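Engineer: Structure file my_file.txt (compact mmCIF, C-alpha atoms) is given on the next line.
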# COMPACT_ATOMS: atom_id res chain seq x y z
CA MET N 3 -78.98 -30.37 227.16
CA SER N 4 -75.59 -32.08 226.73
CA HIS N 5 -75.37 -35.07 224.40
CA LYS N 6 -71.66 -35.72 225.00
CA LYS N 7 -70.80 -39.35 224.33
CA THR N 8 -69.34 -41.29 227.23
CA LEU N 9 -67.36 -44.36 226.29
CA VAL N 10 -66.05 -46.88 228.80
CA LEU N 11 -63.09 -48.74 227.34
CA HIS N 12 -62.86 -52.37 228.34
CA GLY N 13 -59.96 -54.76 228.13
CA ARG N 14 -60.36 -58.10 226.41
CA GLY N 15 -61.29 -59.61 229.77
CA GLY N 16 -64.24 -57.24 230.05
CA GLN N 17 -62.86 -55.03 232.85
CA PRO N 18 -63.03 -51.22 232.47
CA VAL N 19 -59.65 -49.67 231.68
CA LEU N 20 -58.48 -46.11 231.22
CA LEU N 21 -57.42 -44.98 227.76
CA GLN N 22 -55.34 -41.84 228.17
CA GLY N 23 -54.44 -39.50 225.32
CA CYS N 24 -50.76 -38.51 225.06
CA LEU N 25 -51.04 -35.66 222.62
CA ASN N 26 -47.57 -34.40 221.70
CA GLY N 27 -44.65 -35.49 223.91
CA ALA N 28 -41.17 -34.22 223.17
CA ARG N 29 -41.51 -34.45 219.39
CA PRO N 30 -40.29 -31.46 217.37
CA ALA N 31 -43.02 -29.22 216.02
CA ASP N 32 -42.40 -30.38 212.44
CA ALA N 33 -42.68 -34.11 213.24
CA HIS N 34 -46.23 -34.22 211.85
CA PRO N 35 -48.44 -31.53 210.26
CA ALA N 36 -51.14 -32.14 212.90
CA LEU N 37 -48.85 -32.31 215.96
CA PRO N 38 -50.41 -30.01 218.60
CA VAL N 39 -47.89 -27.64 220.19
CA THR N 40 -49.66 -24.43 221.21
CA PRO N 41 -52.31 -24.23 223.94
CA TYR N 42 -54.99 -23.69 221.29
CA TYR N 43 -54.14 -26.83 219.33
CA LEU N 44 -53.60 -28.96 222.42
CA ALA N 45 -57.03 -27.88 223.65
CA ARG N 46 -58.50 -28.63 220.22
CA ASP N 47 -57.06 -32.15 220.27
CA ALA N 48 -58.15 -32.69 223.87
CA ARG N 49 -61.68 -31.78 222.85
CA ALA N 50 -61.47 -34.10 219.85
CA VAL N 51 -60.34 -37.14 221.85
CA SER N 52 -62.89 -36.35 224.56
CA ARG N 53 -65.59 -36.91 221.95
CA GLN N 54 -64.24 -40.46 221.73
CA GLY N 55 -64.58 -40.98 225.47
CA VAL N 56 -61.06 -40.01 226.61
CA THR N 57 -61.12 -38.40 230.06
CA SER N 58 -57.38 -37.97 230.72
CA VAL N 59 -54.65 -36.37 228.62
CA HIS N 60 -50.90 -36.11 229.10
CA VAL N 61 -49.32 -33.10 227.36
CA HIS N 62 -45.92 -31.43 227.12
CA PRO N 63 -46.34 -27.64 227.29
CA ARG N 64 -44.17 -25.55 224.97
CA CYS N 65 -42.78 -22.03 224.91
CA PRO N 66 -43.52 -19.74 221.93
CA LYS N 67 -40.47 -21.20 220.16
CA GLY N 68 -42.03 -24.65 220.32
CA LEU N 69 -39.59 -25.98 222.92
CA GLU N 70 -40.64 -27.91 226.03
CA THR N 71 -40.85 -25.80 229.14
CA LEU N 72 -41.67 -25.94 232.84
CA GLU N 73 -42.24 -22.19 233.01
CA PRO N 74 -45.48 -21.57 234.95
CA LEU N 75 -46.74 -19.02 232.41
CA HIS N 76 -46.71 -21.51 229.54
CA VAL N 77 -47.75 -24.53 231.60
CA GLY N 78 -50.66 -22.55 233.02
CA ASP N 79 -51.77 -21.31 229.60
CA THR N 80 -51.77 -24.85 228.22
CA VAL N 81 -53.59 -26.49 231.12
CA ALA N 82 -56.14 -23.66 231.41
CA ALA N 83 -56.91 -23.88 227.69
CA ILE N 84 -57.63 -27.61 227.95
CA HIS N 85 -59.71 -27.19 231.11
CA ALA N 86 -61.74 -24.48 229.37
CA ALA N 87 -62.25 -26.58 226.24
CA VAL N 88 -63.08 -29.80 228.10
CA PRO N 89 -64.36 -29.17 231.64
CA GLY N 90 -63.59 -32.16 233.82
CA MET N 91 -60.74 -33.44 231.66
CA GLU N 92 -57.77 -34.67 233.70
CA VAL N 93 -54.68 -32.85 232.45
CA GLY N 94 -51.22 -34.17 233.25
CA VAL N 95 -47.83 -32.63 232.49
CA PRO N 96 -44.29 -33.91 233.10
CA ALA N 97 -41.85 -32.47 235.63
CA ALA N 98 -39.15 -33.50 233.22
CA ARG N 99 -35.46 -33.73 234.07
CA TRP N 100 -34.51 -33.37 230.39
CA VAL N 101 -36.26 -29.99 230.36
CA GLN N 102 -34.84 -28.79 233.70
CA PRO N 103 -31.89 -30.84 235.01
CA ASP N 104 -31.65 -28.87 238.28
CA PRO N 105 -33.96 -30.63 240.78
CA LYS N 106 -34.33 -27.48 242.90
CA LEU N 107 -35.64 -25.54 239.91
CA ARG N 108 -37.95 -28.43 239.06
CA ILE N 109 -39.35 -28.32 242.59
CA ASP N 110 -39.76 -24.52 242.35
CA ALA N 111 -41.67 -24.95 239.09
CA VAL N 112 -44.00 -27.55 240.59
CA MET N 113 -44.69 -25.32 243.58
CA ALA N 114 -45.54 -22.46 241.20
CA TRP N 115 -47.88 -24.71 239.18
CA GLY N 116 -49.93 -25.27 242.29
CA ARG N 117 -50.83 -21.57 242.36
CA LEU N 118 -52.11 -21.33 238.78
CA GLY N 119 -55.83 -21.75 239.49
CA THR N 120 -57.51 -23.28 236.43
CA GLY N 121 -54.03 -23.60 234.94
CA THR N 122 -52.87 -25.99 237.67
CA PRO N 123 -52.24 -29.49 236.31
CA ASP N 124 -54.38 -32.24 237.79
CA VAL N 125 -51.50 -34.70 237.63
CA ILE N 126 -47.72 -34.39 237.39
CA ALA N 127 -45.63 -37.13 235.80
CA VAL N 128 -42.43 -37.83 237.74
CA ASN N 129 -39.92 -40.46 236.63
CA VAL N 130 -38.61 -42.66 239.42
CA HIS N 131 -35.07 -42.62 237.99
CA ASP N 132 -34.82 -38.80 238.12
CA SER N 133 -32.69 -37.15 240.77
CA GLU N 134 -34.65 -35.97 243.83
CA TRP N 135 -37.84 -37.53 242.49
CA VAL N 136 -39.20 -38.04 246.01
CA LYS N 137 -38.83 -34.32 246.78
CA VAL N 138 -40.55 -33.38 243.51
CA CYS N 139 -43.42 -35.70 244.46
CA SER N 140 -43.61 -34.14 247.92
CA ALA N 141 -43.80 -30.65 246.39
CA ALA N 142 -46.65 -31.71 244.10
CA HIS N 143 -48.55 -33.33 246.96
CA SER N 144 -48.16 -30.22 249.11
CA MET N 145 -49.89 -28.25 246.34
CA GLY N 146 -52.75 -30.74 246.02
CA ILE N 147 -51.53 -32.15 242.69
CA GLU N 148 -51.71 -35.90 242.10
CA LEU N 149 -48.86 -38.01 240.75
CA GLU N 150 -48.10 -40.36 237.89
CA LEU N 151 -44.88 -42.26 238.59
CA GLY N 152 -42.89 -43.19 235.51
CA VAL N 153 -41.21 -46.60 235.72
CA TRP N 154 -39.00 -47.38 232.73
CA THR N 155 -37.07 -50.44 233.93
CA THR N 156 -37.19 -53.27 236.44
CA ALA N 157 -34.60 -51.32 238.46
CA ASP N 158 -37.06 -48.41 238.65
CA ALA N 159 -39.76 -50.81 239.79
CA VAL N 160 -37.51 -52.15 242.56
CA THR N 161 -36.65 -48.59 243.61
CA LEU N 162 -40.34 -47.73 243.87
CA ARG N 163 -41.15 -50.83 245.90
CA LYS N 164 -38.29 -50.10 248.31
CA ASN N 165 -39.29 -46.44 248.73
CA GLY N 166 -43.03 -47.03 248.81
CA LEU N 167 -45.65 -44.96 247.04
CA PRO N 168 -45.37 -41.23 247.73
CA PRO N 169 -48.53 -39.60 249.09
CA GLY N 170 -50.80 -38.45 246.27
CA THR N 171 -49.85 -41.20 243.82
CA LYS N 172 -52.73 -41.72 241.39
CA ARG N 173 -51.14 -44.26 239.04
CA ILE N 174 -47.89 -45.88 237.98
CA VAL N 175 -46.94 -45.52 234.33
CA ALA N 176 -44.94 -48.54 233.14
CA GLU N 177 -43.15 -47.52 229.98
CA PRO N 178 -40.52 -49.83 228.46
CA THR N 179 -38.32 -47.66 226.28
CA VAL N 180 -37.32 -50.31 223.73
CA SER N 181 -39.11 -50.09 220.40
CA HIS N 182 -38.86 -53.73 219.27
CA PRO N 183 -42.37 -55.12 219.87
CA ASP N 184 -41.49 -58.53 221.33
CA THR N 185 -38.72 -57.09 223.49
CA ALA N 186 -41.01 -54.31 224.73
CA ILE N 187 -43.73 -56.78 225.73
CA ALA N 188 -41.21 -58.99 227.51
CA GLU N 189 -39.81 -55.95 229.33
CA SER N 190 -43.36 -54.86 230.19
CA ASN N 191 -43.98 -58.19 231.89
CA ARG N 192 -40.71 -57.97 233.80
CA ILE N 193 -41.57 -54.46 235.02
CA LEU N 194 -45.06 -55.54 236.09
CA ARG N 195 -43.67 -58.51 238.01
CA ALA N 196 -41.07 -56.31 239.70
CA LEU N 197 -43.74 -53.81 240.74
CA GLY N 198 -45.74 -56.51 242.49
CA HIS N 199 -49.12 -55.59 243.95
CA LEU N 200 -49.13 -51.87 244.69
CA ASN N 201 -52.43 -50.31 245.66
CA VAL N 202 -52.79 -48.00 242.65
CA PRO N 203 -53.60 -48.60 238.98
CA VAL N 204 -50.83 -49.24 236.48
CA LEU N 205 -50.92 -47.69 233.01
CA LEU N 206 -48.82 -49.59 230.48
CA HIS N 207 -47.69 -48.19 227.14
CA GLY N 208 -44.98 -48.56 224.49
CA GLU N 209 -43.49 -46.24 221.95
CA GLU N 210 -42.85 -46.14 218.20
CA ASP N 211 -42.91 -49.68 216.74
CA ALA N 212 -43.90 -51.09 220.14
CA ALA N 213 -46.76 -48.65 220.76
CA TRP N 214 -49.55 -50.75 219.26
CA PRO N 215 -48.32 -54.20 220.38
CA VAL N 216 -47.94 -52.98 223.97
CA LEU N 217 -51.37 -51.28 223.87
CA ASP N 218 -52.86 -54.56 222.64
CA HIS N 219 -51.02 -56.45 225.39
CA ALA N 220 -52.36 -54.02 228.01
CA LEU N 221 -55.94 -54.44 226.81
CA LYS N 222 -55.60 -58.23 226.77
CA THR N 223 -54.53 -58.12 230.42
CA ASN N 224 -57.01 -55.43 231.55
CA ILE N 225 -54.37 -52.80 232.26
CA ASP N 226 -54.83 -49.06 231.66
CA THR N 227 -53.04 -47.75 228.57
CA ARG N 228 -52.62 -44.72 226.37
CA ILE N 229 -52.22 -43.62 222.76
CA GLY N 230 -51.35 -40.43 220.94
CA PHE N 231 -48.68 -38.64 218.97
CA GLU N 232 -46.23 -38.81 221.88
CA ASP N 233 -46.00 -42.58 221.45
CA THR N 234 -46.52 -43.07 217.72
CA LEU N 235 -47.33 -41.19 214.53
CA MET N 236 -48.60 -44.36 212.86
CA ASN N 237 -51.81 -46.33 213.03
CA PRO N 238 -51.65 -50.13 213.57
CA LYS N 239 -51.42 -50.74 209.83
CA GLY N 240 -48.27 -48.65 209.58
CA TRP N 241 -49.91 -45.68 207.88
CA LEU N 242 -49.36 -42.11 209.03
CA ALA N 243 -52.21 -41.15 211.34
CA THR N 244 -54.22 -38.02 210.58
CA GLY N 245 -54.30 -36.88 214.22
CA ASN N 246 -54.70 -37.86 217.85
CA GLU N 247 -58.41 -38.49 217.41
CA ASP N 248 -57.60 -40.91 214.59
CA LEU N 249 -55.22 -42.83 216.87
CA VAL N 250 -57.88 -43.08 219.59
CA LYS N 251 -60.38 -44.45 217.08
CA TRP N 252 -57.86 -47.10 216.06
CA ALA N 253 -57.32 -47.97 219.74
CA GLN N 254 -61.04 -48.56 220.08
CA ARG N 255 -60.87 -50.96 217.14
CA VAL N 256 -57.97 -52.79 218.76
CA LYS N 257 -59.86 -53.16 222.04
CA ALA N 258 -62.84 -54.51 220.12
CA GLY N 259 -60.60 -57.31 218.90
CA GLU N 260 -60.51 -56.29 215.24
CA LYS N 261 -57.60 -57.61 213.21
CA VAL N 262 -55.94 -54.30 212.42
CA GLY N 263 -52.27 -55.27 212.34
CA VAL N 264 -51.42 -55.96 216.00
CA GLY N 265 -51.93 -58.82 218.40
Translate the structure of the given file into structure tokens.

Structural biologist:
Amino acid sequence: MSHKKTLVLHGRGGQPVLLQGCLNGARPADAHPALPVTPYYLARDARAVSRQGVTSVHVHPRCPKGLETLEPLHVGDTVAAIHAAVPGMEVGVPAARWVQPDPKLRIDAVMAWGRLGTGTPDVIAVNVHDSEWVKVCSAAHSMGIELELGVWTTADAVTLRKNGLPPGTKRIVAEPTVSHPDTAIAESNRILRALGHLNVPVLLHGEEDAAWPVLDHALKTNIDTRIGFEDTLMNPKGWLATGNEDLVKWAQRVKAGEKVGVG
């Protein structure tokens, strides 16, 4: 009999919100001793955060040299390892322009991901400012893969509203790229206003010094959010976190309203 804990995260207003784990991002392998890079360690961390109630992870697959890759072999190995370790876990990966600048090759990669069986990502992250982003989204949808649309600026938000949501959009990820906390929160509000009322959830997150203040802001306003080594290596008190599971535990303390250094 399974005794797996299920935790429903709530914002300060009492509404259920998603807490996603972003496990590694584009950080170099030596950024932190516990940074997960290989499929094995990404699956280990996915299992660890799942014990804290996390049901969705965003990961950046790597090649054997530790570099980000869109190659189907490595993407499939990573996603399959997480699916095997945590059945039912939503696994998202980025179709990243900085990894593959050629949009045609990005589209080819996405089409190949759709044929990976258990290694097929559940969600692909596509940034609205990337070249040919609509075609990348169309390729993912044709393969039955859902979409997270990255919106970094108010200009991105306006672009998305003008184009409309591509078929298969599961959520919008609002991600101000400034690290100053007050500026990031102000930019978050501008992005949210520019998005207006689109018929999908919005996940809001910050990075580095803004990671915890923006997470707190999201929880106060009942918006989905995320935490993990992609966004910060530090806990809210400014101490180096021991791992992704540690960061998730701190996020739970923030959502409970504890005075832990943010808000």

Engineer: Have a look at N:Arg173, N:His207, N:Arg53, N:His219 and name the one nearest to Met91 of chain N; count all atoms listed in the file.

Structural biologist: N:Arg53

Engineer: Between N:Pro183, N:Pro89, N:Pro238, N:Pro63, which is the closest to Cys24 of chain N once you count only C-alpha atoms?

Structural biologist: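 Checking each candidate against Cys24 of chain N, we get N:Pro63 as the closest.
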
Engineer: Separation of atom CA of Pro103 of chain N and atom CA of Asp132 of chain N, in Å?

Structural biologist: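 Computing it gives 9.0 Å between the two atoms.
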
Engineer: Name the closest residue to Asn246 of chain N among the candidates N:Asn165, N:Thr80, N:Thr179, N:Ser52; distances are taken between atoms, counting only C-alpha atoms.

Structural biologist: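 The closest residue to Asn246 of chain N is N:Ser52.
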
Engineer: With distances taken over all atoms listed in the file, which of N:Asp104, N:Glu260, N:Asp211, N:Asp233 is nearest to Glu177 of chain N?

Structural biologist: N:Asp233

Engineer: Quick one: residues within 10 Å of segment 113-120 of chain N, only C-alpha atoms, excluding same-chain residues fewer than 3 positions away - as an MDAnalysis selection string?

Structural biologist: chainID N and resid 72:75 77:79 81:86 107:110 123:124 126 138 140:147

Engineer: Could you write out that same residue set with C-alpha atoms as a compact mmCIF listing (two decimals), keeping the file's coordinate frame?

Structural biologist:
# COMPACT_ATOMS: atom_id res chain seq x y z
CA LEU N 72 -41.67 -25.94 232.84
CA GLU N 73 -42.24 -22.19 233.01
CA PRO N 74 -45.48 -21.57 234.95
CA LEU N 75 -46.74 -19.02 232.41
CA VAL N 77 -47.75 -24.53 231.60
CA GLY N 78 -50.66 -22.55 233.02
CA ASP N 79 -51.77 -21.31 229.60
CA VAL N 81 -53.59 -26.49 231.12
CA ALA N 82 -56.14 -23.66 231.41
CA ALA N 83 -56.91 -23.88 227.69
CA ILE N 84 -57.63 -27.61 227.95
CA HIS N 85 -59.71 -27.19 231.11
CA ALA N 86 -61.74 -24.48 229.37
CA LEU N 107 -35.64 -25.54 239.91
CA ARG N 108 -37.95 -28.43 239.06
CA ILE N 109 -39.35 -28.32 242.59
CA ASP N 110 -39.76 -24.52 242.35
CA PRO N 123 -52.24 -29.49 236.31
CA ASP N 124 -54.38 -32.24 237.79
CA ILE N 126 -47.72 -34.39 237.39
CA VAL N 138 -40.55 -33.38 243.51
CA SER N 140 -43.61 -34.14 247.92
CA ALA N 141 -43.80 -30.65 246.39
CA ALA N 142 -46.65 -31.71 244.10
CA HIS N 143 -48.55 -33.33 246.96
CA SER N 144 -48.16 -30.22 249.11
CA MET N 145 -49.89 -28.25 246.34
CA GLY N 146 -52.75 -30.74 246.02
CA ILE N 147 -51.53 -32.15 242.69

Engineer: Could you tell me how far atom CA of Gly68 of chain N sits from atom CA of Ala212 of chain N, in Å to one decimal place?

Structural biologist: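 If I compute the distance from atom CA of Ala212 of chain N to atom CA of Gly68 of chain N, I get 26.5 Å.
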
Engineer: Which residues are close to Pro35 of chain N, i.e. within 12 Å by only C-alpha atoms, leaving aside same-chain residues fewer than 5 positions away? Reply as JSON, numbers by chain.

Structural biologist: {"N": [26, 29, 30, 43, 231, 235, 242, 243, 244, 245, 246]}

Engineer: Between N:Ala111, N:Leu221, N:Val136, N:Val204, which is the closest to Thr161 of chain N once you count only C-alpha atoms?

Structural biologist: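 Closest residue, counting only C-alpha atoms: N:Val136.
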
Engineer: With distances taken over all atoms listed in the file, which residue among N:Ala87, N:Leu162, N:Leu21, N:Leu149 lies nearest Asp47 of chain N?

Structural biologist: N:Ala87

Engineer: Would you mind reading off the distance between atom CA of Ile225 of chain N and atom CA of Leu25 of chain N, one decimal, in Å?

Structural biologist: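 For atom CA of Ile225 of chain N relative to atom CA of Leu25 of chain N, the distance reads 19.9 Å.
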
Engineer: Mind working out the centre and edge lengths of an axis-aligned box for segment 175-191 of chain N, all listed atoms inside, 8 Å added to each side, rounded to one decimal in Å and written as AutoDock Vina command-line options?

Structural biologist:
--center_x -42.1 --center_y -52.3 --center_z 226.8 --size_x 25.6 --size_y 29.5 --size_z 31.1

Engineer: For Glu189 of chain N, list every protein, DNA or RNA residue within 7 Å, evaluated using all atoms listed in the file, and leave out those in the same chain fewer than 4 positions away; present the list as number ranges by chain.

Structural biologist: N: 178, 185, 193

Engineer: Skip Arg163 of chain N itself and residues of its chain fewer than 3 positions away, then list as a ChimeraX atom specification all residues within 10 Å of it, counting only C-alpha atoms.

Structural biologist: /N:157-160,166-167,196-200
